[in-house]
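Trainee: One structure follows; several queries about it will come next.
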Amino acid sequence: MDIKFESAFLKAIKKHSSIKQSVKKKVDMIIENPVAVGEPLKGNWQGFYSCAVKRNFIIIYLYCAVCRKKKDNTVVLCSDCKGTEDETLKFVLLGPHDKAYGI
Ligand SMILES: [Zn+2]
């Protein structure tokens with residue numbers, strides 16, 4: 001599994017350092033089983049997955065094997081999808097539920 005962290009995600013971890021450990025635990029779980037742990041998003045976020053760290057605080061990520069299968073790589077911001085392995089995980093965003101969606 002190839003793991004990538006977007007800069008917005010890393011910035012958010014710094015900002016919410018109090019829950020860093022919980023985030024890390026969730027990230028490990030997602031890496032183990034990206035499809036089972038997360039929930040596929042719809043609408044504007046089609047192709048993305050979300051996973052709650054705790055109540056109302058979520059991780060948003062992409063799993064390239066899935067973005068390709070659904071042809072979502074043309075929809076989502078998975079710009080370098082063509083150059084990545086199927087087994088690539090991209091951690092995109094982290095934050096309170098409503099704010100994470102509000103970009
Ligand atoms: Zn992709």
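Following the order of the structure tokens, chains are lettered A, B, ..., residues in each are numbered from 1, and ligands are numbered from 1.
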Please list as an mmCIF file with N, CA, C and O atoms, in the first residue's frame every residue within 12 Å of range 27-40 of chain A, counting only C-alpha atoms and excluding residues in the same chain fewer than 2 positions away.
Mentor:
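File produced: part.cif:
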data_model
loop_
_atom_site.group_PDB
_atom_site.id
_atom_site.type_symbol
_atom_site.label_atom_id
_atom_site.label_comp_id
_atom_site.auth_asym_id
_atom_site.auth_seq_id
_atom_site.Cartn_x
_atom_site.Cartn_y
_atom_site.Cartn_z
ATOM 1 N N MET A 1 0.839 -1.210 0.000
ATOM 2 C CA MET A 1 0.000 0.000 0.000
ATOM 3 C C MET A 1 0.864 1.245 0.000
ATOM 4 O O MET A 1 1.779 1.385 0.802
ATOM 5 N N ASP A 2 0.571 2.127 -0.933
ATOM 6 C CA ASP A 2 1.286 3.388 -1.023
ATOM 7 C C ASP A 2 0.442 4.450 -0.305
ATOM 8 O O ASP A 2 -0.728 4.624 -0.612
ATOM 9 N N ILE A 3 1.042 5.133 0.636
ATOM 10 C CA ILE A 3 0.289 6.082 1.454
ATOM 11 C C ILE A 3 0.760 7.498 1.171
ATOM 12 O O ILE A 3 1.954 7.779 1.244
ATOM 13 N N LYS A 4 -0.195 8.365 0.864
ATOM 14 C CA LYS A 4 0.150 9.773 0.642
ATOM 15 C C LYS A 4 -0.682 10.656 1.567
ATOM 16 O O LYS A 4 -1.852 10.399 1.786
ATOM 17 N N PHE A 5 -0.051 11.691 2.057
ATOM 18 C CA PHE A 5 -0.781 12.652 2.883
ATOM 19 C C PHE A 5 -0.758 14.009 2.186
ATOM 20 O O PHE A 5 0.312 14.544 1.899
ATOM 21 N N PHE A 9 -4.136 17.861 4.975
ATOM 22 C CA PHE A 9 -4.316 16.856 6.020
ATOM 23 C C PHE A 9 -3.254 17.018 7.105
ATOM 24 O O PHE A 9 -3.547 17.014 8.295
ATOM 25 N N ILE A 13 -3.667 18.001 11.123
ATOM 26 C CA ILE A 13 -3.161 17.217 12.258
ATOM 27 C C ILE A 13 -2.432 18.122 13.235
ATOM 28 O O ILE A 13 -2.608 18.035 14.445
ATOM 29 N N LYS A 20 -4.302 13.761 17.938
ATOM 30 C CA LYS A 20 -3.321 13.154 17.043
ATOM 31 C C LYS A 20 -3.282 11.621 17.171
ATOM 32 O O LYS A 20 -3.228 10.907 16.174
ATOM 33 N N GLN A 21 -3.304 11.136 18.400
ATOM 34 C CA GLN A 21 -3.226 9.688 18.626
ATOM 35 C C GLN A 21 -4.440 8.961 18.046
ATOM 36 O O GLN A 21 -4.295 7.905 17.438
ATOM 37 N N SER A 22 -5.627 9.539 18.265
ATOM 38 C CA SER A 22 -6.842 8.919 17.714
ATOM 39 C C SER A 22 -6.802 8.924 16.201
ATOM 40 O O SER A 22 -7.224 7.968 15.544
ATOM 41 N N VAL A 23 -6.293 10.002 15.629
ATOM 42 C CA VAL A 23 -6.198 10.088 14.176
ATOM 43 C C VAL A 23 -5.243 9.022 13.657
ATOM 44 O O VAL A 23 -5.534 8.305 12.703
ATOM 45 N N LYS A 24 -4.123 8.881 14.331
ATOM 46 C CA LYS A 24 -3.119 7.910 13.905
ATOM 47 C C LYS A 24 -3.689 6.490 13.936
ATOM 48 O O LYS A 24 -3.476 5.700 13.028
ATOM 49 N N LYS A 25 -4.444 6.202 14.989
ATOM 50 C CA LYS A 25 -5.056 4.883 15.123
ATOM 51 C C LYS A 25 -6.017 4.625 13.966
ATOM 52 O O LYS A 25 -6.031 3.550 13.370
ATOM 53 N N LYS A 42 -21.060 10.868 -1.405
ATOM 54 C CA LYS A 42 -21.852 11.090 -2.624
ATOM 55 C C LYS A 42 -21.852 12.559 -3.009
ATOM 56 O O LYS A 42 -21.260 13.392 -2.338
ATOM 57 N N GLY A 43 -22.540 12.845 -4.095
ATOM 58 C CA GLY A 43 -22.694 14.237 -4.523
ATOM 59 C C GLY A 43 -21.363 14.850 -4.905
ATOM 60 O O GLY A 43 -20.600 14.246 -5.647
ATOM 61 N N ASN A 44 -21.113 16.023 -4.360
ATOM 62 C CA ASN A 44 -19.867 16.724 -4.676
ATOM 63 C C ASN A 44 -18.637 15.934 -4.255
ATOM 64 O O ASN A 44 -17.538 16.202 -4.734
ATOM 65 N N TRP A 45 -18.832 15.005 -3.341
ATOM 66 C CA TRP A 45 -17.701 14.250 -2.802
ATOM 67 C C TRP A 45 -17.685 12.823 -3.325
ATOM 68 O O TRP A 45 -17.072 11.954 -2.726
ATOM 69 N N GLN A 46 -18.332 12.599 -4.440
ATOM 70 C CA GLN A 46 -18.354 11.272 -5.047
ATOM 71 C C GLN A 46 -16.931 10.752 -5.243
ATOM 72 O O GLN A 46 -16.064 11.484 -5.732
ATOM 73 N N GLY A 47 -16.720 9.509 -4.861
ATOM 74 C CA GLY A 47 -15.399 8.910 -5.032
ATOM 75 C C GLY A 47 -14.538 8.988 -3.790
ATOM 76 O O GLY A 47 -13.602 8.222 -3.641
ATOM 77 N N PHE A 48 -14.883 9.907 -2.896
ATOM 78 C CA PHE A 48 -14.125 10.022 -1.646
ATOM 79 C C PHE A 48 -14.713 9.117 -0.580
ATOM 80 O O PHE A 48 -15.877 8.734 -0.639
ATOM 81 N N TYR A 49 -13.899 8.788 0.376
ATOM 82 C CA TYR A 49 -14.351 8.053 1.538
ATOM 83 C C TYR A 49 -14.191 8.923 2.773
ATOM 84 O O TYR A 49 -13.276 9.748 2.840
ATOM 85 N N SER A 50 -15.073 8.707 3.735
ATOM 86 C CA SER A 50 -14.900 9.387 5.013
ATOM 87 C C SER A 50 -14.908 8.358 6.133
ATOM 88 O O SER A 50 -15.483 7.284 6.007
ATOM 89 N N CYS A 51 -14.237 8.718 7.206
ATOM 90 C CA CYS A 51 -14.174 7.843 8.353
ATOM 91 C C CYS A 51 -14.155 8.735 9.594
ATOM 92 O O CYS A 51 -13.368 9.677 9.677
ATOM 93 N N ALA A 52 -15.040 8.454 10.544
ATOM 94 C CA ALA A 52 -15.122 9.296 11.738
ATOM 95 C C ALA A 52 -14.009 8.946 12.716
ATOM 96 O O ALA A 52 -13.762 7.779 13.004
ATOM 97 N N VAL A 53 -13.320 9.969 13.185
ATOM 98 C CA VAL A 53 -12.293 9.767 14.210
ATOM 99 C C VAL A 53 -12.967 9.715 15.568
ATOM 100 O O VAL A 53 -12.713 8.860 16.394
ATOM 101 N N ILE A 58 -13.957 14.025 11.198
ATOM 102 C CA ILE A 58 -13.767 12.986 10.184
ATOM 103 C C ILE A 58 -12.456 13.121 9.395
ATOM 104 O O ILE A 58 -11.870 14.188 9.293
ATOM 105 N N ILE A 59 -12.070 11.985 8.859
ATOM 106 C CA ILE A 59 -10.953 11.901 7.923
ATOM 107 C C ILE A 59 -11.565 11.687 6.537
ATOM 108 O O ILE A 59 -12.467 10.869 6.384
ATOM 109 N N ILE A 60 -11.079 12.415 5.551
ATOM 110 C CA ILE A 60 -11.519 12.163 4.172
ATOM 111 C C ILE A 60 -10.325 11.653 3.370
ATOM 112 O O ILE A 60 -9.234 12.222 3.444
ATOM 113 N N TYR A 61 -10.547 10.571 2.638
ATOM 114 C CA TYR A 61 -9.441 9.973 1.892
ATOM 115 C C TYR A 61 -9.893 9.379 0.561
ATOM 116 O O TYR A 61 -11.092 9.197 0.319
ATOM 117 N N LEU A 62 -8.928 9.099 -0.264
ATOM 118 C CA LEU A 62 -9.161 8.469 -1.560
ATOM 119 C C LEU A 62 -8.426 7.146 -1.617
ATOM 120 O O LEU A 62 -7.324 7.014 -1.094
ATOM 121 N N TYR A 63 -9.039 6.185 -2.260
ATOM 122 C CA TYR A 63 -8.417 4.884 -2.466
ATOM 123 C C TYR A 63 -8.408 4.654 -3.975
ATOM 124 O O TYR A 63 -9.456 4.505 -4.599
ATOM 125 N N CYS A 64 -7.248 4.681 -4.569
ATOM 126 C CA CYS A 64 -7.162 4.744 -6.033
ATOM 127 C C CYS A 64 -7.768 3.532 -6.741
ATOM 128 O O CYS A 64 -8.324 3.661 -7.822
ATOM 129 N N ALA A 65 -7.698 2.349 -6.140
ATOM 130 C CA ALA A 65 -8.320 1.183 -6.760
ATOM 131 C C ALA A 65 -9.809 1.443 -6.968
ATOM 132 O O ALA A 65 -10.392 1.042 -7.973
ATOM 133 N N VAL A 66 -10.417 2.143 -6.013
ATOM 134 C CA VAL A 66 -11.845 2.435 -6.091
ATOM 135 C C VAL A 66 -12.112 3.617 -7.011
ATOM 136 O O VAL A 66 -13.042 3.599 -7.811
ATOM 137 N N CYS A 67 -11.274 4.649 -6.940
ATOM 138 C CA CYS A 67 -11.549 5.797 -7.834
ATOM 139 C C CYS A 67 -11.519 5.355 -9.276
ATOM 140 O O CYS A 67 -12.292 5.834 -10.084
ATOM 141 N N LYS A 70 -14.788 3.097 -10.456
ATOM 142 C CA LYS A 70 -16.024 3.844 -10.688
ATOM 143 C C LYS A 70 -15.819 4.972 -11.679
ATOM 144 O O LYS A 70 -16.680 5.805 -11.862
ATOM 145 N N ASP A 72 -14.218 7.402 -11.100
ATOM 146 C CA ASP A 72 -14.309 8.609 -10.299
ATOM 147 C C ASP A 72 -13.058 9.459 -10.431
ATOM 148 O O ASP A 72 -13.042 10.608 -10.025
ATOM 149 N N GLU A 87 -3.142 0.262 -5.335
ATOM 150 C CA GLU A 87 -3.096 0.251 -3.875
ATOM 151 C C GLU A 87 -2.484 1.540 -3.341
ATOM 152 O O GLU A 87 -1.426 1.510 -2.711
ATOM 153 N N THR A 88 -3.129 2.650 -3.655
ATOM 154 C CA THR A 88 -2.676 3.937 -3.146
ATOM 155 C C THR A 88 -3.775 4.561 -2.308
ATOM 156 O O THR A 88 -4.931 4.605 -2.726
ATOM 157 N N LEU A 89 -3.397 5.007 -1.145
ATOM 158 C CA LEU A 89 -4.327 5.729 -0.286
ATOM 159 C C LEU A 89 -3.857 7.163 -0.169
ATOM 160 O O LEU A 89 -2.674 7.423 0.038
ATOM 161 N N LYS A 90 -4.796 8.087 -0.330
ATOM 162 C CA LYS A 90 -4.461 9.496 -0.178
ATOM 163 C C LYS A 90 -5.315 10.091 0.912
ATOM 164 O O LYS A 90 -6.547 10.136 0.781
ATOM 165 N N PHE A 91 -4.678 10.544 1.949
ATOM 166 C CA PHE A 91 -5.418 11.208 3.012
ATOM 167 C C PHE A 91 -5.538 12.678 2.654
ATOM 168 O O PHE A 91 -4.542 13.380 2.530
ATOM 169 N N VAL A 92 -6.777 13.116 2.446
ATOM 170 C CA VAL A 92 -7.030 14.424 1.857
ATOM 171 C C VAL A 92 -7.294 15.495 2.907
ATOM 172 O O VAL A 92 -6.684 16.557 2.892
ATOM 173 N N LEU A 93 -8.229 15.199 3.799
ATOM 174 C CA LEU A 93 -8.665 16.216 4.757
ATOM 175 C C LEU A 93 -8.977 15.593 6.102
ATOM 176 O O LEU A 93 -9.254 14.406 6.213
ATOM 177 N N LEU A 94 -8.992 16.467 7.093
ATOM 178 C CA LEU A 94 -9.284 16.055 8.451
ATOM 179 C C LEU A 94 -9.936 17.243 9.131
ATOM 180 O O LEU A 94 -9.459 18.366 8.984
#
Trainee: Select from chain A everything DSSP, run on the backbone, classes as helix (DSSP H, G or I), then give the selection as a ChimeraX atom specification.
Mentor: /A:7-15,17-32,34-37,43-45,64-69,72-74,81-83,97-101
Trainee: If I take CA of Phe57 in chain A and CA of Cys78 in chain A, how far is one from the other in Å, to one decimal?
Mentor: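 Taking CA of Phe57 in chain A as the start and CA of Cys78 in chain A as the end point, the length is 22.5 Å.
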Trainee: Extract the full set of strand (DSSP E) residues from chain A according to DSSP on the backbone, and format it as a PyMOL selection string.
Mentor: chain A and resi 2-5+39-40+49-54+57-63+88-96
Trainee: When you draw a straight line from CA of Lys54 in chain A to CA of Pro96 in chain A, how long is it in Å?
Mentor: 9.4 Å
